[in-house]
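Read the structure below first, then the notes.
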Protein chains: 2
Amino acid sequence: MKAIKLFERASRTYNDSSSFSKLLVVFTVSGGGLLAYADANSTSPIAPPEIKKKRVVVLGTGWAGTSFLKQLDNPSYDVQVISPRNYFAFTPLLPSVTVGTVEPRSIVEPIRNIVKKKNVDVHYWEAECFKIDSQSKKVHCRSNKNIDGKGKEEFVVDYDYLVIAMGARPNTFNTPGVVEHCNFLKEVEDAQKIRRSVIDAFEKASLPSLSDEERQKMLHFVVVGGGPTGVEFAAELHDFVKEDLVKLYPAAGKYVKITLLEAADHILTMFDKRITEFAEDKFKRDGIDVKLGSMVIKVSDKEISTKGRVNGQLSTMPYGMVVWSTGIGTDPVVKDFMKQVGQETRRVLATDEWLRVEGTDSIYALGDCATINQRRVMEDISSIFKKADKENSGTLTVKQLQAVVDDICERYPQVDLYLKTKKLRNIADLLKDDSKSSVAISIEELKTALKEVDAQVKNLPATAQVAAQQGAYLAKCFNRMEEAEKNPEGPLRFRGEGRHRFHPFRYKHFGQFAPLGGEQTAAQLPGDWVSIGHSTQWLWYSVYASKLVSWRTRSLVVTDWVKRFIFGRDSSSI
Amino acid sequence: MKAIKLFERASRTYNDSSSFSKLLVVFTVSGGGLLAYADANSTSPIAPPEIKKKRVVVLGTGWAGTSFLKQLDNPSYDVQVISPRNYFAFTPLLPSVTVGTVEPRSIVEPIRNIVKKKNVDVHYWEAECFKIDSQSKKVHCRSNKNIDGKGKEEFVVDYDYLVIAMGARPNTFNTPGVVEHCNFLKEVEDAQKIRRSVIDAFEKASLPSLSDEERQKMLHFVVVGGGPTGVEFAAELHDFVKEDLVKLYPAAGKYVKITLLEAADHILTMFDKRITEFAEDKFKRDGIDVKLGSMVIKVSDKEISTKGRVNGQLSTMPYGMVVWSTGIGTDPVVKDFMKQVGQETRRVLATDEWLRVEGTDSIYALGDCATINQRRVMEDISSIFKKADKENSGTLTVKQLQAVVDDICERYPQVDLYLKTKKLRNIADLLKDDSKSSVAISIEELKTALKEVDAQVKNLPATAQVAAQQGAYLAKCFNRMEEAEKNPEGPLRFRGEGRHRFHPFRYKHFGQFAPLGGEQTAAQLPGDWVSIGHSTQWLWYSVYASKLVSWRTRSLVVTDWVKRFIFGRDSSSI
């Protein structure tokens with residue numbers, strides 16, 4: 001009776017008090033850890049927001065959008081979030097969801113939970129933006145579900161600032177049959193569908209009165225794309241089959257085959273060579289058939305056709321399921337918007353280094369749907385020279401260059417990189433040596449010195465890490481918008497007056513993982529550190545657990561891992 | 001490093017050793033409990049079974065079928081299981097799944113896991129039986145999913161014994177629009193669909209530019225049927241709304257309405273009056289609108305129409321979602337089978353007291369798809385008299401009656417019940433009194449005495465408890481089939497020679513729960529014990545946890561309860 005009373009009281013305290021910090025002890029395999037869960041409630045009424053505040057509209061609740069919303073804490077904005085998904089999904093764990101190592105619900109957090117903030121009004125609409133009207137500053141939206149008798153509800157939202165964080169589509173390279181017959185792995189629903197397909201394949205192959213060929217076909221799983229997602233999925237699938245399914249479907253084991261198709265010469269090309277080699281060797285040992293230099297040219301309902309990249313050899317194989325994971329393409333809504341802002345010739349939406357869409361003044365784009373168009377030094381070299389040459393003498397003394405070199409390095413990080421890697425040793429030495437401060441440099445000399453700098457410019461990868469950092473960066477800019485207007489903190493404007501309001505966005509790489517199955521993971525850490533093996537798997541567990549969006553998801557994912565370790569993965573077809 | 005080694009070793013031991021008992025400590029709110037998980041692997045090859053053994057075909061993997069499979073341990077059978085669901089679902093927790101108190105995957109266990117037995121060959125096919133051919137002893141099956149290029153695979157399975165445990169369909173009473181527009185609550189998929197619909201309703205009602213009427217309509221949840229399932233769902237939904245959703249959708253709160261429609265004069269009519277009253281009062285306090293005596297006559301895509309059972313008053317109300325839970329009807333396949341065995345005029349498939357389908361000799365039916373047709377004493381009274389009257393004297397002495405009374409009581413439990421409730425005090429006293437053993441009774445006197453006995457015969461309720469007991473009973477009969485042939489253990493055959501092979505099935509009622517929300521539950525225990533309140537909720541928690549099919553599901557459900565207590569229910573629309 002006492003226990004019940006205590007439970008009731010605790011329950012009531014929990015439910016009544018919005019600022020009550022909730023404490024939970026989660027038992028983990030690694031010996032237990034203390035996780036503290038703190039949460040706070042606030043209200044977000046249905047009625048449309050007032051008009052006085054600056055209206056910020058955020059499209060998307062993925063990594064970029066959610067990170068932006070989490071960091072935004074300036075009450076002078078009225079924020080409206082539009083996304084067909086009312087939750088944020090921790091996408092790096094999607095491959096684990098495909099085989100039930102982790103449950104779908106463990107990696108999602110309702111966006112309304114995330115944006116329950118004390119000081120910023122955030123409204124969320126479960127809808128899809130189907131058109132951005134940058135002329136009249138409106139976005140046109142359509143509800144996700146049918147409103148009975150009316151079809152899908154359409155509505156228009158006005159904005160002062162627009163933040164586009166809609167992510168990207170899977171890139172099919174217009175290969176025939178891909179959209180119709182392949183599974184993708186970008187959304188939680190995709191992972192759930194793959195999971196069901198795998199179990200279905202085993203159930204179907206177990207039916208009586210089938211031929212060996214039919215069973216072989218059904219249990220042939222093809223992964224297209226040897227990037228981190230494709231490789232991780234292949235590894236997870238292999239583990240699922242060997243550790244769990246073969247026990248329940250023992251006779252099916254001999255028919256199972258996993259093929260990984262990669263058009264390049266190696267898998268995991270973005271990683272260090274040691275990782276690539278280790279992964280290829282491990283897959284060979286595991287019996288995963290890695291076909292390198294194999295481009296998919298067609299997918300029919302029964303077969304997948306490939307062409308050798310080097311020898312042009314055509315080949316066709318029957319399959320049971322294909323997972324397509326070859327990179328990303330642009331969303332049609334973003335494509336249409338690009339036309340409006342004069343970017344129709346570009347492949348990807350371009351922003352400046354402050355994440356503002358080129359050709360607009362109040363629209364920002366971040367995450368997978370955009371790319372930063374880093375300004376080339378060569379384009380601005382005259383302006384830079386002019387700005388530095390305060391006396392208009394036509395030449396630049398070292399002292400004058402010294403005065404602006406920090407701004408140059410910030411505005412054009414490729415210069416900074418070049419100076420640091422000592423490829424510009426002469427100039428760097430020159431700039432450090434005070435005795436040479438009166439040496440003069442002509443514009444031609446400067447051009448020659450910086451000639452190869454721009455070749456260093458690289459696009460950032462389309463990863464969760466980049467998107468999250470961009471969201472956080474932009475939120476900090478929004479938080480300090482008014483203040484920065486008065487006291488700009490950015491580098492000198494070489495082609496204008498004064499300084500930029502903010503420091504440009506700078507990506508900080510924390511490393512990348514490639515789980516390879518069998519409790520082994522490869523990791524490439526900053527400074528080209530490489531780590532492979534079981535201990536890296538534990539690093540992976542801890543990093544991913546710590547990166548999860550809330551204490552709820554964190555404890556659920558850890559519970560899922562423990563569950564899998566004890567009971568294996570579930571194979572019920574639900 | 002040591003920890004990793006330990007993990008690896010443990011993991012390897014776990015995965016390699018099939019008989020290794022797995023131990024897991026689950027941390028529960030109530031103070032912790034020790035759960036031991038033991039499991040064993042065996043093989044079940046794809047190839048069709050040999051023909052020498054008796055072939056038993058089981059249709060269905062619900063309560064009855066699974067209970068039968070779990071208890072069957074006689075290696076002289078070759079068992080084939082056919083069901084569209086490759087898992088067993090713990091259906092009493094379905095209402096909890098509708099709102100996410102418990103996850104769907106936590107209440108299911110793959111049937112292949114359950115039937116991994118050492119001594120009985122069990123093969124499972126994921127398929128639907130679409131025709132039973134009792135003439136040629138075959139069942140016709142169709143695979144659940146399309147086999148590419150061939151549509152659904154059809155195949156035929158021969159049997160020596162057939163066990164029909166296909167369950168039942170929801171009963172719509174042919175009310176127009178129910179199949180098209182209502183949700184049911186019989187399968188895991190139903191519960192998942194309801195969960196998504198509830199979240200969808202809240203998201204839709206939160207969209208801008210809707211009228212108050214539209215929001216009210218969307219958030220009007222109607223439950224049809226005041227039985228235990230309907231009542232529990234209404235209670236769970238109310239808790240979900242009040243405890244979780246209102247916090248995330250604060251402005252939507254005022255539009256939410258839950259209506260419970262019941263055609264009878266009270267809800268929970270199968271329970272004690274005290275429980276009914278308590279439930280109706282509680283729902284009133286909670287704001288759940290219980291409309292008694294309200295028969296649904298039509299459901300359109302927007303409105304549900306009712307008719308007062310007493311006053312005939314018609315009424316129509318707009319709704320957002322309807323859950324239909326008014327009892328069960330017969331599956332078309334079973335209907336067709338009933339025609340074959342001469343039961344076309346019956347409403348439900350009838351079996352004898354040994355669960356054998358009437359009109360057949362090797363087909364058994366159990367669970368919701370069948371009902372036991374208890375033999376009436378009056379039909380057999382002459383045979384009983386003749387059997388007891390060994391001297392053919394035309395009258396029965398008390399002594400002669402004493403000699404067969406135990407067999408009568410076992411064969412006709414209604415007599416036993418009558419004797420025990422002292423309604424036959426004269427006969428009971430007579431039978432006990434040895435001094436009167438020579439008193440003679442004529443057949444007319446016996447008929448008069450037993451006249452009202454048959455009115456006591458009641459059908460068993462369509463519950464999980466009955467189905468599970470029937471499955472276990474039938475398995476025990478199958479286990480002892482050969483032995484019982486030689487040494488029959490059942491009562492005298494009054495209309496034939498010798499004894500029945502087995503004792504007839506006898507249901508043992510362990511009580512029934514009715515969760516009412518707010519951590520309160522009502523329970524009716526054997527002997528008409530009634531218990532209501534928070535402590536009963538704890539009884540409910542412990543009974544349900546202990547009844548779950550495996551240690552896996554047990555620990556998952558307990559984890560779910562803990563999760564819900566700490567974090568609330570998830571509202572992501574997946």
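We name chains A, B, ... following the order of the structure tokens; residues begin at 1 in each chain, and ligands are numbered from 1 as shown.
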
| message | I need the strand (DSSP E or B) residues of region 79-169 of chain B per DSSP on the backbone, written as a ChimeraX atom specification. | response | /B:79-83,87-89,108-110,121-133,138-147,151-158,161-164,169

What are the DSSP alpha helix (DSSP H) residues of region 97-253 of chain B, as a compact mmCIF listing (two decimals) with C-alpha atoms, in the first residue's frame?
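Listed below is the output, out-v4.txt:
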```txt
# COMPACT_ATOMS: atom_id res chain seq x y z
CA VAL B 97 -0.67 -0.46 -27.71
CA THR B 98 -3.24 1.93 -29.22
CA ILE B 111 5.88 -18.42 -33.45
CA ARG B 112 9.12 -20.04 -34.61
CA ASN B 113 10.66 -19.11 -31.29
CA ILE B 114 7.76 -20.66 -29.44
CA VAL B 115 7.77 -23.95 -31.34
CA VAL B 178 -18.76 0.01 -40.33
CA VAL B 179 -16.26 -1.97 -42.40
CA GLU B 180 -15.42 1.10 -44.48
CA HIS B 181 -15.06 3.72 -41.78
CA VAL B 188 -1.59 -5.63 -33.67
CA GLU B 189 -1.95 -3.74 -36.96
CA ASP B 190 -5.32 -2.40 -35.79
CA ALA B 191 -3.74 -1.01 -32.65
CA GLN B 192 -0.91 0.59 -34.63
CA LYS B 193 -3.39 2.16 -37.01
CA ILE B 194 -5.44 3.59 -34.15
CA ARG B 195 -2.31 5.06 -32.58
CA ARG B 196 -1.40 6.82 -35.82
CA SER B 197 -4.98 8.04 -36.27
CA VAL B 198 -5.04 9.61 -32.81
CA ILE B 199 -1.80 11.53 -33.40
CA ASP B 200 -2.97 12.47 -36.91
CA ALA B 201 -6.18 13.87 -35.46
CA PHE B 202 -4.22 16.10 -33.09
CA GLU B 203 -1.84 17.23 -35.84
CA LYS B 204 -4.69 17.96 -38.24
CA ALA B 205 -6.66 19.86 -35.61
CA ASP B 212 -13.82 25.38 -34.38
CA GLU B 213 -16.40 22.90 -35.72
CA GLU B 214 -13.75 21.19 -37.81
CA ARG B 215 -11.37 20.90 -34.88
CA GLN B 216 -14.17 19.57 -32.69
CA LYS B 217 -15.08 16.98 -35.29
CA MET B 218 -11.48 15.82 -35.74
CA PRO B 228 -14.02 -4.76 -21.55
CA THR B 229 -12.06 -3.89 -24.72
CA GLY B 230 -14.08 -0.79 -25.60
CA VAL B 231 -14.03 0.46 -22.02
CA GLU B 232 -10.31 -0.13 -21.64
CA PHE B 233 -9.56 1.64 -24.92
CA ALA B 234 -11.69 4.64 -23.93
CA ALA B 235 -9.86 4.81 -20.60
CA GLU B 236 -6.41 4.49 -22.18
CA LEU B 237 -7.25 7.17 -24.75
CA HIS B 238 -8.48 9.50 -22.02
CA ASP B 239 -5.22 9.03 -20.09
CA PHE B 240 -3.13 9.57 -23.22
CA VAL B 246 -2.68 18.10 -23.89
CA LYS B 247 0.82 19.16 -22.85
CA LEU B 248 2.08 19.06 -26.42
```

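For the residues B:Val377, B:Ala467, B:Leu539, B:Ala545, ranking by smallest atom-to-atom distance to chain A using only C-alpha atoms places B:Leu539 first.
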
| note | CA of Val139 (chain A) to CA of His500 (chain A) measures 28.4 Å

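Each of B:Thr360, B:Gln512, B:Ser134, B:Asn146 was compared to Val543 (chain B) using only C-alpha atoms, and B:Gln512 turns out to be the nearest.
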
| Which residues come within 8 Å of Glu103 (chain B), counting only C-alpha atoms, excluding same-chain residues fewer than 3 positions away, as a ChimeraX atom specification? | /B:97,100,106-107,557,560

| message | What's the separation between CA of Tyr364 (chain A) and CA of His140 (chain A), in Å to one decimal place? | response | 17.1 Å

| query | When distances are computed from only C-alpha atoms, which of B:Asn174, B:Gln402, B:Thr306, B:Thr559 shows the smallest separation from chain A? | reply |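 Nearest candidate to chain A out of B:Asn174, B:Gln402, B:Thr306, B:Thr559: B:Thr559.
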